[in-house]
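Take a look at the structure below.
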Amino acid sequence: MTTKVLSVGGSIIAPDKPDENFLFEFSSMICSWLSENKDARLILVAGGGGPARNYQNSYKAVSEKFDENQKKLSAFEDSEKLNYACDWIGIMATRLNAQLLKTVFGPLCSQDVVTDPTKVNDFTGKILIASGWKPGFSTDNDAVLLAERFEADTVVNLSNIEKVYTDDPRKNPDAKPIDNISWSDFRKMVGDEWVPGKNCPFDPIASKKAQELGLKVICAGGKNIGNIKAVLDGKNYIGTTIS
């Protein structure tokens, strides 16, 4: 049985609220692809997206209004506690998005949403849905851990960008798209630390683990359904390959 892992960015599932058109087109393609590939199964890991950022930003806004005495009695006392709390808010958003995906796929996903990638031992359906686990990293890391657990050699990271760039193209007009990059060069770009809500092509903690495992990660645009199918089929695709 061939297992493929897709880390489905929250910005694709719910950029602000659930994207119904994407959910319909994506699930239709996945169902069709699985019917054509009887020996394949998919792990989908849901990100938090707009709901995660909206709630995290609200939490931060409230924290800024607290005076010093109030902060000593709250979770706003220092940046470490703030990040920890923001991580948990983001994790809860991923669980909501994951439950939505599970419901959409119905009988193809017979198991509960996986909230701890180190505790799941069975994969009984055609699709396994996972969410965020615990503070310290994003759902990209959960995708890598599940790839290790179920012996997948590739993680497909679907987000709102089609390729990784040498710099942020929104800020630097000279930024260039990358087709292929090594793990060592990629990790120089993203660094080694995770910050809740950080917007980077692939989580730094996940990147370190993926490099250790020798995984290949493909970063591709999540809105291009035909391109996602090309990735699943092993055909030419638009995206960045990290290996």
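Residue names in the structure tokens use chain letters A, B, ... in the order shown, residue numbers from 1 in each chain, and ligand numbers from 1 in the order shown.
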
Would you tabulate, counting only C-alpha atoms, all residues of region 119-159 of chain A that have an atom at most 6 Å from an atom of region 36-46 of chain A, showing the closest pair of atoms and their distance in Å to one decimal, sorted by chain then ascending number, as a tab-separated table?
```
residue	atom	partner	partner_atom	distance
A:Lys126	CA	A:Arg41	CA	4.8
A:Ile127	CA	A:Leu42	CA	4.9
A:Leu128	CA	A:Ile43	CA	4.7
A:Ile129	CA	A:Leu44	CA	4.9
A:Ala130	CA	A:Val45	CA	4.6
A:Ser131	CA	A:Ala46	CA	5.3
```

Could you find all residues in region 3-236 of chain A that DSSP calls alpha helix (DSSP H) from the backbone, and write them as a PyMOL selection string? chain A and resi 10-13+20-36+49-65+68-72+79-105+139-149+183-190+204-213+225-233

Just give me the gap between CA of Pro15 (chain A) and CA of Gly136 (chain A) in Å, one decimal is fine.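 Those two atoms sit 22.5 Å apart.
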
Could you check the closest approach to Asp116 (chain A) for each of A:Val104, A:Leu146, A:Ala220, A:Met189 and tell me which residue wins, using only C-alpha atoms?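 Closest to Asp116 (chain A) of all the choices is A:Leu146.
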
How would you write, as a PyMOL selection string, the set of residues in region 34-176 of chain A that DSSP gives as strand (DSSP E or B)? chain A and resi 40-46+114+127-130+154-159+164-165

Nearby residues (only C-alpha atoms) at most 12 Å from Trp133 (chain A), same-chain spacing under 2 positions excluded, as a ChimeraX atom specification: /A:45-48,87-95,98,113-119,130-131,135-143,145-146

Can I get the selected residues back with N, CA, C and O atoms, as a compact mmCIF listing (two decimals), in the first residue's frame?
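File written: selection07.txt
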```txt
# COMPACT_ATOMS: atom_id res chain seq x y z
N VAL A 45 -3.11 16.55 6.53
CA VAL A 45 -2.87 17.27 7.78
C VAL A 45 -3.35 18.71 7.59
O VAL A 45 -2.86 19.42 6.72
N ALA A 46 -4.31 19.13 8.40
CA ALA A 46 -4.95 20.43 8.22
C ALA A 46 -4.25 21.53 9.02
O ALA A 46 -3.94 21.35 10.20
N GLY A 47 -4.03 22.67 8.37
CA GLY A 47 -3.50 23.84 9.04
C GLY A 47 -4.61 24.71 9.61
O GLY A 47 -5.80 24.41 9.45
N GLY A 48 -4.22 25.80 10.28
CA GLY A 48 -5.20 26.63 10.98
C GLY A 48 -5.78 27.78 10.16
O GLY A 48 -6.93 28.15 10.33
N ASP A 87 0.18 29.37 20.29
CA ASP A 87 0.29 28.05 19.67
C ASP A 87 -0.95 27.21 19.93
O ASP A 87 -1.49 26.57 19.02
N TRP A 88 -1.43 27.22 21.17
CA TRP A 88 -2.61 26.42 21.50
C TRP A 88 -3.85 26.93 20.76
O TRP A 88 -4.70 26.13 20.33
N ILE A 89 -3.96 28.25 20.63
CA ILE A 89 -5.09 28.80 19.87
C ILE A 89 -5.03 28.31 18.42
O ILE A 89 -6.04 27.89 17.84
N GLY A 90 -3.83 28.35 17.83
CA GLY A 90 -3.65 27.87 16.46
C GLY A 90 -3.98 26.39 16.33
O GLY A 90 -4.60 25.96 15.35
N ILE A 91 -3.57 25.60 17.32
CA ILE A 91 -3.83 24.16 17.30
C ILE A 91 -5.34 23.89 17.29
O ILE A 91 -5.83 23.02 16.56
N MET A 92 -6.08 24.65 18.09
CA MET A 92 -7.53 24.46 18.13
C MET A 92 -8.17 24.78 16.77
O MET A 92 -9.13 24.12 16.35
N ALA A 93 -7.62 25.77 16.08
CA ALA A 93 -8.14 26.09 14.75
C ALA A 93 -7.86 24.95 13.77
O ALA A 93 -8.69 24.62 12.92
N THR A 94 -6.68 24.33 13.88
CA THR A 94 -6.37 23.20 12.98
C THR A 94 -7.32 22.04 13.24
O THR A 94 -7.69 21.32 12.30
N ARG A 95 -7.72 21.86 14.48
CA ARG A 95 -8.62 20.74 14.80
C ARG A 95 -10.01 20.97 14.21
O ARG A 95 -10.67 20.02 13.76
N ALA A 98 -9.58 20.29 10.52
CA ALA A 98 -9.41 18.85 10.31
C ALA A 98 -10.75 18.12 10.41
O ALA A 98 -11.05 17.23 9.60
N VAL A 113 -10.08 12.15 13.98
CA VAL A 113 -8.97 13.04 13.65
C VAL A 113 -7.78 12.73 14.57
O VAL A 113 -7.94 12.61 15.79
N VAL A 114 -6.61 12.61 13.98
CA VAL A 114 -5.39 12.33 14.74
C VAL A 114 -4.88 13.63 15.34
O VAL A 114 -4.59 14.59 14.61
N THR A 115 -4.79 13.68 16.66
CA THR A 115 -4.27 14.89 17.32
C THR A 115 -2.88 14.68 17.90
O THR A 115 -2.25 15.64 18.33
N ASP A 116 -2.40 13.44 17.91
CA ASP A 116 -1.04 13.13 18.37
C ASP A 116 -0.43 12.14 17.39
O ASP A 116 -0.76 10.94 17.42
N PRO A 117 0.47 12.59 16.52
CA PRO A 117 1.03 11.70 15.48
C PRO A 117 1.91 10.58 16.04
O PRO A 117 2.22 9.63 15.32
N THR A 118 2.29 10.66 17.31
CA THR A 118 3.13 9.62 17.90
C THR A 118 2.30 8.49 18.51
O THR A 118 2.85 7.48 18.92
N LYS A 119 0.97 8.68 18.57
CA LYS A 119 0.12 7.70 19.24
C LYS A 119 -0.74 6.89 18.28
O LYS A 119 -1.40 5.94 18.68
N ALA A 130 -5.42 14.50 10.06
CA ALA A 130 -4.71 14.90 11.27
C ALA A 130 -4.76 16.41 11.44
O ALA A 130 -4.94 17.16 10.48
N SER A 131 -4.58 16.84 12.70
CA SER A 131 -4.57 18.27 13.02
C SER A 131 -3.28 18.61 13.74
O SER A 131 -2.35 17.80 13.79
N PRO A 135 2.26 22.69 21.22
CA PRO A 135 3.07 23.88 20.92
C PRO A 135 4.53 23.53 20.58
O PRO A 135 5.06 22.52 21.03
N GLY A 136 5.13 24.40 19.78
CA GLY A 136 6.54 24.24 19.44
C GLY A 136 6.82 24.08 17.98
O GLY A 136 7.97 24.18 17.54
N PHE A 137 5.78 23.84 17.18
CA PHE A 137 5.95 23.67 15.74
C PHE A 137 4.59 23.74 15.07
O PHE A 137 3.56 23.77 15.75
N SER A 138 4.58 23.71 13.76
CA SER A 138 3.33 23.79 13.02
C SER A 138 2.87 22.39 12.61
O SER A 138 3.51 21.38 12.91
N THR A 139 1.77 22.33 11.87
CA THR A 139 1.26 21.05 11.37
C THR A 139 2.19 20.43 10.34
O THR A 139 2.08 19.24 10.03
N ASP A 140 3.12 21.22 9.76
CA ASP A 140 4.11 20.64 8.86
C ASP A 140 4.90 19.54 9.58
O ASP A 140 5.22 18.49 8.99
N ASN A 141 5.22 19.77 10.83
CA ASN A 141 5.98 18.79 11.60
C ASN A 141 5.15 17.54 11.85
O ASN A 141 5.66 16.41 11.82
N ASP A 142 3.86 17.71 12.09
CA ASP A 142 2.97 16.56 12.26
C ASP A 142 2.94 15.73 10.97
O ASP A 142 2.92 14.49 11.03
N ALA A 143 2.96 16.42 9.83
CA ALA A 143 2.96 15.72 8.55
C ALA A 143 4.23 14.88 8.40
O ALA A 143 4.19 13.74 7.91
N LEU A 145 6.11 13.66 10.86
CA LEU A 145 6.06 12.55 11.81
C LEU A 145 5.14 11.44 11.31
O LEU A 145 5.43 10.25 11.48
N LEU A 146 4.04 11.80 10.67
CA LEU A 146 3.13 10.80 10.12
C LEU A 146 3.73 10.12 8.90
O LEU A 146 3.50 8.92 8.67
```

Restricting the calculation to only C-alpha atoms, which member of A:Ile12, A:Val164, A:Ala175, A:Leu23 is positioned closest to Lys102 (chain A)?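 Closest to Lys102 (chain A), using only C-alpha atoms: A:Leu23.
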
Residues within 12 Å of Asn57 (chain A), please, as a short mmCIF file (atom, residue, chain, number, x, y, z; two decimals) with all heavy atoms, in the first residue's frame. Count only C-alpha atoms; anything in the same chain fewer than 2 positions from it doesn't count.
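As written to disk, out_2.cif reads:
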```
data_model
loop_
_atom_site.label_atom_id
_atom_site.label_comp_id
_atom_site.auth_asym_id
_atom_site.auth_seq_id
_atom_site.Cartn_x
_atom_site.Cartn_y
_atom_site.Cartn_z
N GLY A 50 -6.85 31.36 8.40
CA GLY A 50 -7.36 32.64 8.87
C GLY A 50 -7.92 32.59 10.28
O GLY A 50 -7.63 33.48 11.10
N PRO A 51 -8.73 31.57 10.63
CA PRO A 51 -9.26 31.50 12.00
C PRO A 51 -8.15 31.49 13.05
O PRO A 51 -8.28 32.15 14.09
CB PRO A 51 -10.04 30.19 11.99
CG PRO A 51 -10.48 30.03 10.57
CD PRO A 51 -9.34 30.55 9.75
N ALA A 52 -7.07 30.77 12.80
CA ALA A 52 -5.97 30.73 13.76
C ALA A 52 -5.37 32.12 13.95
O ALA A 52 -5.19 32.59 15.07
CB ALA A 52 -4.89 29.75 13.30
N ARG A 53 -5.07 32.78 12.84
CA ARG A 53 -4.44 34.11 12.93
C ARG A 53 -5.39 35.13 13.54
O ARG A 53 -4.97 35.99 14.32
CB ARG A 53 -3.96 34.55 11.54
CG ARG A 53 -2.63 33.92 11.15
CD ARG A 53 -2.14 34.45 9.82
NE ARG A 53 -2.95 33.96 8.71
CZ ARG A 53 -2.76 32.77 8.13
NH1 ARG A 53 -1.82 31.97 8.57
NH2 ARG A 53 -3.51 32.38 7.12
N ASN A 54 -6.67 35.06 13.18
CA ASN A 54 -7.63 36.01 13.73
C ASN A 54 -7.72 35.90 15.26
O ASN A 54 -7.71 36.91 15.97
CB ASN A 54 -9.02 35.78 13.12
CG ASN A 54 -9.08 36.18 11.65
OD1 ASN A 54 -8.23 36.96 11.18
ND2 ASN A 54 -10.04 35.66 10.93
N TYR A 55 -7.81 34.69 15.75
CA TYR A 55 -7.91 34.49 17.20
C TYR A 55 -6.59 34.80 17.90
O TYR A 55 -6.58 35.37 19.01
CB TYR A 55 -8.36 33.06 17.50
CG TYR A 55 -9.86 32.88 17.44
CD1 TYR A 55 -10.51 32.78 16.21
CD2 TYR A 55 -10.63 32.83 18.60
CE1 TYR A 55 -11.89 32.63 16.14
CE2 TYR A 55 -12.01 32.69 18.53
CZ TYR A 55 -12.63 32.59 17.30
OH TYR A 55 -14.00 32.45 17.24
N TYR A 59 -6.09 37.73 20.75
CA TYR A 59 -5.44 37.44 22.04
C TYR A 59 -4.31 38.43 22.31
O TYR A 59 -4.19 38.98 23.41
CB TYR A 59 -4.92 36.01 21.99
CG TYR A 59 -4.04 35.60 23.15
CD1 TYR A 59 -4.59 35.23 24.37
CD2 TYR A 59 -2.66 35.58 23.03
CE1 TYR A 59 -3.79 34.84 25.43
CE2 TYR A 59 -1.85 35.20 24.08
CZ TYR A 59 -2.42 34.82 25.28
OH TYR A 59 -1.62 34.45 26.32
N LYS A 60 -3.49 38.71 21.29
CA LYS A 60 -2.38 39.64 21.45
C LYS A 60 -2.89 41.06 21.72
O LYS A 60 -2.32 41.80 22.52
CB LYS A 60 -1.49 39.63 20.20
CG LYS A 60 -0.72 38.33 20.01
CD LYS A 60 0.03 38.34 18.68
CE LYS A 60 0.73 37.03 18.43
NZ LYS A 60 1.39 37.01 17.10
N ALA A 61 -3.98 41.43 21.04
CA ALA A 61 -4.54 42.77 21.22
C ALA A 61 -5.04 42.97 22.65
O ALA A 61 -4.85 44.03 23.26
CB ALA A 61 -5.68 43.00 20.23
N VAL A 62 -5.65 41.94 23.20
CA VAL A 62 -6.12 42.01 24.59
C VAL A 62 -4.92 42.12 25.53
O VAL A 62 -4.92 42.91 26.49
CB VAL A 62 -6.97 40.78 24.95
CG1 VAL A 62 -7.29 40.75 26.44
CG2 VAL A 62 -8.26 40.80 24.14
N SER A 63 -3.87 41.35 25.26
CA SER A 63 -2.70 41.34 26.14
C SER A 63 -2.04 42.72 26.22
O SER A 63 -1.52 43.10 27.27
CB SER A 63 -1.68 40.31 25.66
OG SER A 63 -0.98 40.76 24.51
N GLU A 64 -2.06 43.45 25.12
CA GLU A 64 -1.43 44.78 25.10
C GLU A 64 -2.16 45.79 25.98
O GLU A 64 -1.60 46.80 26.39
CB GLU A 64 -1.37 45.29 23.65
CG GLU A 64 -0.40 44.51 22.78
CD GLU A 64 -0.45 44.94 21.33
OE1 GLU A 64 -1.28 45.84 21.01
OE2 GLU A 64 0.31 44.39 20.52
N LEU A 82 3.23 33.99 26.02
CA LEU A 82 2.37 34.50 24.95
C LEU A 82 2.42 33.57 23.74
O LEU A 82 1.39 33.20 23.17
CB LEU A 82 2.81 35.91 24.55
CG LEU A 82 1.90 36.65 23.58
CD1 LEU A 82 0.61 37.09 24.27
CD2 LEU A 82 2.61 37.88 23.00
N ASN A 83 3.64 33.17 23.35
CA ASN A 83 3.81 32.27 22.20
C ASN A 83 3.16 30.92 22.47
O ASN A 83 2.55 30.31 21.58
CB ASN A 83 5.29 32.08 21.88
CG ASN A 83 5.88 33.27 21.15
OD1 ASN A 83 5.14 34.06 20.57
ND2 ASN A 83 7.18 33.40 21.16
N ALA A 85 0.62 30.27 24.44
CA ALA A 85 -0.84 30.41 24.35
C ALA A 85 -1.30 30.56 22.90
O ALA A 85 -2.31 29.99 22.50
CB ALA A 85 -1.28 31.62 25.17
N CYS A 86 -0.54 31.33 22.11
CA CYS A 86 -0.89 31.50 20.69
C CYS A 86 -0.81 30.17 19.94
O CYS A 86 -1.63 29.89 19.06
CB CYS A 86 0.04 32.52 20.04
SG CYS A 86 -0.36 34.24 20.41
N ASP A 87 0.18 29.37 20.29
CA ASP A 87 0.29 28.05 19.67
C ASP A 87 -0.95 27.21 19.93
O ASP A 87 -1.49 26.57 19.02
CB ASP A 87 1.53 27.32 20.21
CG ASP A 87 2.60 27.13 19.15
OD1 ASP A 87 2.30 27.35 17.96
OD2 ASP A 87 3.74 26.77 19.49
N ILE A 89 -3.96 28.25 20.63
CA ILE A 89 -5.09 28.80 19.87
C ILE A 89 -5.03 28.31 18.42
O ILE A 89 -6.04 27.89 17.84
CB ILE A 89 -5.07 30.34 19.93
CG1 ILE A 89 -5.41 30.81 21.34
CG2 ILE A 89 -6.07 30.93 18.92
CD1 ILE A 89 -5.19 32.30 21.56
N GLY A 90 -3.83 28.35 17.83
CA GLY A 90 -3.65 27.87 16.46
C GLY A 90 -3.98 26.39 16.33
O GLY A 90 -4.60 25.96 15.35
N PRO A 196 4.74 31.02 16.54
CA PRO A 196 3.34 30.79 16.19
C PRO A 196 2.82 31.80 15.17
O PRO A 196 3.03 33.00 15.33
CB PRO A 196 2.62 30.95 17.54
CG PRO A 196 3.65 30.61 18.55
CD PRO A 196 4.94 31.11 17.99
N GLY A 197 2.17 31.29 14.13
CA GLY A 197 1.64 32.16 13.08
C GLY A 197 2.67 32.56 12.04
O GLY A 197 2.35 33.30 11.11
#
```

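The coordinates place CA of Arg149 (chain A) at 19.4 Å from CA of Phe202 (chain A).
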
Could you please determine the separation between CA of Val231 (chain A) and CA of Ile30 (chain A) in Å, to one decimal place? 12.1 Å

I'd like the neighbourhood of region 206-208 of chain A as a short mmCIF file (atom, residue, chain, number, x, y, z; two decimals) with N, CA, C and O atoms, in the first residue's frame, where a residue qualifies if any of its atoms comes within 12 Å (using only C-alpha atoms), though same-chain residues fewer than 6 positions away should be ignored.
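Once written, part.cif looks like this:
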```
data_model
loop_
_atom_site.label_atom_id
_atom_site.label_comp_id
_atom_site.auth_asym_id
_atom_site.auth_seq_id
_atom_site.Cartn_x
_atom_site.Cartn_y
_atom_site.Cartn_z
N SER A 7 0.19 18.05 3.46
CA SER A 7 0.01 19.07 4.48
C SER A 7 -0.81 20.19 3.84
O SER A 7 -0.30 20.95 3.01
N GLY A 136 5.13 24.40 19.78
CA GLY A 136 6.54 24.24 19.44
C GLY A 136 6.82 24.08 17.98
O GLY A 136 7.97 24.18 17.54
N PHE A 137 5.78 23.84 17.18
CA PHE A 137 5.95 23.67 15.74
C PHE A 137 4.59 23.74 15.07
O PHE A 137 3.56 23.77 15.75
N SER A 138 4.58 23.71 13.76
CA SER A 138 3.33 23.79 13.02
C SER A 138 2.87 22.39 12.61
O SER A 138 3.51 21.38 12.91
N THR A 139 1.77 22.33 11.87
CA THR A 139 1.26 21.05 11.37
C THR A 139 2.19 20.43 10.34
O THR A 139 2.08 19.24 10.03
N ASP A 140 3.12 21.22 9.76
CA ASP A 140 4.11 20.64 8.86
C ASP A 140 4.90 19.54 9.58
O ASP A 140 5.22 18.49 8.99
N ASN A 141 5.22 19.77 10.83
CA ASN A 141 5.98 18.79 11.60
C ASN A 141 5.15 17.54 11.85
O ASN A 141 5.66 16.41 11.82
N ASP A 142 3.86 17.71 12.09
CA ASP A 142 2.97 16.56 12.26
C ASP A 142 2.94 15.73 10.97
O ASP A 142 2.92 14.49 11.03
N ALA A 143 2.96 16.42 9.83
CA ALA A 143 2.96 15.72 8.55
C ALA A 143 4.23 14.88 8.40
O ALA A 143 4.19 13.74 7.91
N VAL A 144 5.36 15.44 8.80
CA VAL A 144 6.63 14.71 8.72
C VAL A 144 6.62 13.50 9.64
O VAL A 144 7.06 12.40 9.26
N LEU A 145 6.11 13.66 10.86
CA LEU A 145 6.06 12.55 11.81
C LEU A 145 5.14 11.44 11.31
O LEU A 145 5.43 10.25 11.48
N LEU A 146 4.04 11.80 10.67
CA LEU A 146 3.13 10.80 10.12
C LEU A 146 3.73 10.12 8.90
O LEU A 146 3.50 8.92 8.67
N ALA A 147 4.51 10.87 8.12
CA ALA A 147 5.22 10.26 6.99
C ALA A 147 6.19 9.20 7.50
O ALA A 147 6.31 8.11 6.92
N GLU A 148 6.88 9.52 8.59
CA GLU A 148 7.80 8.55 9.19
C GLU A 148 7.03 7.34 9.71
O GLU A 148 7.43 6.19 9.47
N VAL A 155 6.36 14.37 1.39
CA VAL A 155 5.29 15.20 1.94
C VAL A 155 5.01 16.31 0.94
O VAL A 155 5.93 17.01 0.50
N ASN A 157 3.41 19.81 0.47
CA ASN A 157 3.00 20.96 1.28
C ASN A 157 2.21 21.94 0.41
O ASN A 157 2.78 22.61 -0.45
N SER A 182 18.35 22.06 -1.93
CA SER A 182 18.77 21.07 -0.94
C SER A 182 18.23 21.46 0.43
O SER A 182 17.92 22.63 0.68
N TRP A 183 18.17 20.49 1.34
CA TRP A 183 17.72 20.79 2.69
C TRP A 183 18.64 21.78 3.39
O TRP A 183 18.17 22.67 4.12
N SER A 184 19.93 21.62 3.19
CA SER A 184 20.87 22.52 3.88
C SER A 184 20.67 23.96 3.43
O SER A 184 20.65 24.89 4.26
N ASP A 185 20.47 24.17 2.14
CA ASP A 185 20.25 25.54 1.63
C ASP A 185 18.88 26.06 2.06
O ASP A 185 18.74 27.25 2.39
N PHE A 186 17.88 25.19 2.04
CA PHE A 186 16.54 25.63 2.45
C PHE A 186 16.53 26.04 3.91
O PHE A 186 15.94 27.05 4.28
N ARG A 187 17.20 25.27 4.76
CA ARG A 187 17.20 25.56 6.19
C ARG A 187 17.95 26.86 6.51
O ARG A 187 17.65 27.51 7.51
N LYS A 188 18.88 27.23 5.66
CA LYS A 188 19.54 28.53 5.84
C LYS A 188 18.53 29.66 5.61
O LYS A 188 18.63 30.73 6.22
N MET A 189 17.56 29.41 4.74
CA MET A 189 16.55 30.42 4.44
C MET A 189 15.52 30.57 5.56
O MET A 189 15.14 31.68 5.91
N VAL A 190 15.06 29.45 6.13
CA VAL A 190 13.95 29.51 7.09
C VAL A 190 14.41 29.56 8.55
O VAL A 190 13.61 29.86 9.44
N GLY A 191 15.69 29.27 8.81
CA GLY A 191 16.19 29.33 10.17
C GLY A 191 15.85 28.08 10.96
O GLY A 191 15.42 27.06 10.41
N ASP A 192 16.00 28.16 12.27
CA ASP A 192 15.83 27.00 13.15
C ASP A 192 14.75 27.17 14.20
O ASP A 192 14.50 26.27 14.99
N GLU A 193 14.09 28.33 14.24
CA GLU A 193 13.12 28.59 15.30
C GLU A 193 11.71 28.73 14.75
O GLU A 193 11.50 29.27 13.66
N TRP A 194 10.76 28.23 15.55
CA TRP A 194 9.34 28.33 15.19
C TRP A 194 8.68 29.43 16.01
O TRP A 194 8.84 29.51 17.22
N CYS A 200 6.03 30.81 6.64
CA CYS A 200 7.21 30.40 5.89
C CYS A 200 6.84 29.17 5.07
O CYS A 200 5.86 28.48 5.38
N GLY A 214 15.55 12.05 5.54
CA GLY A 214 15.78 11.93 4.11
C GLY A 214 14.49 12.05 3.30
O GLY A 214 14.39 11.51 2.20
N LEU A 215 13.51 12.76 3.83
CA LEU A 215 12.24 12.95 3.13
C LEU A 215 12.38 13.97 1.99
O LEU A 215 13.19 14.89 2.07
N LYS A 216 11.55 13.80 0.99
CA LYS A 216 11.40 14.82 -0.04
C LYS A 216 10.13 15.61 0.28
O LYS A 216 9.11 15.03 0.63
N VAL A 217 10.22 16.93 0.20
CA VAL A 217 9.05 17.78 0.40
C VAL A 217 8.81 18.57 -0.88
O VAL A 217 9.74 19.16 -1.45
N ILE A 218 7.58 18.57 -1.33
CA ILE A 218 7.18 19.34 -2.51
C ILE A 218 6.27 20.47 -2.05
O ILE A 218 5.22 20.23 -1.44
N ILE A 242 12.21 20.04 -2.35
CA ILE A 242 13.29 20.13 -1.36
C ILE A 242 13.72 18.69 -1.04
O ILE A 242 12.90 17.87 -0.63
N SER A 243 14.99 18.41 -1.21
CA SER A 243 15.46 17.04 -0.96
C SER A 243 16.95 17.03 -0.67
O SER A 243 17.59 18.08 -0.69
#
```
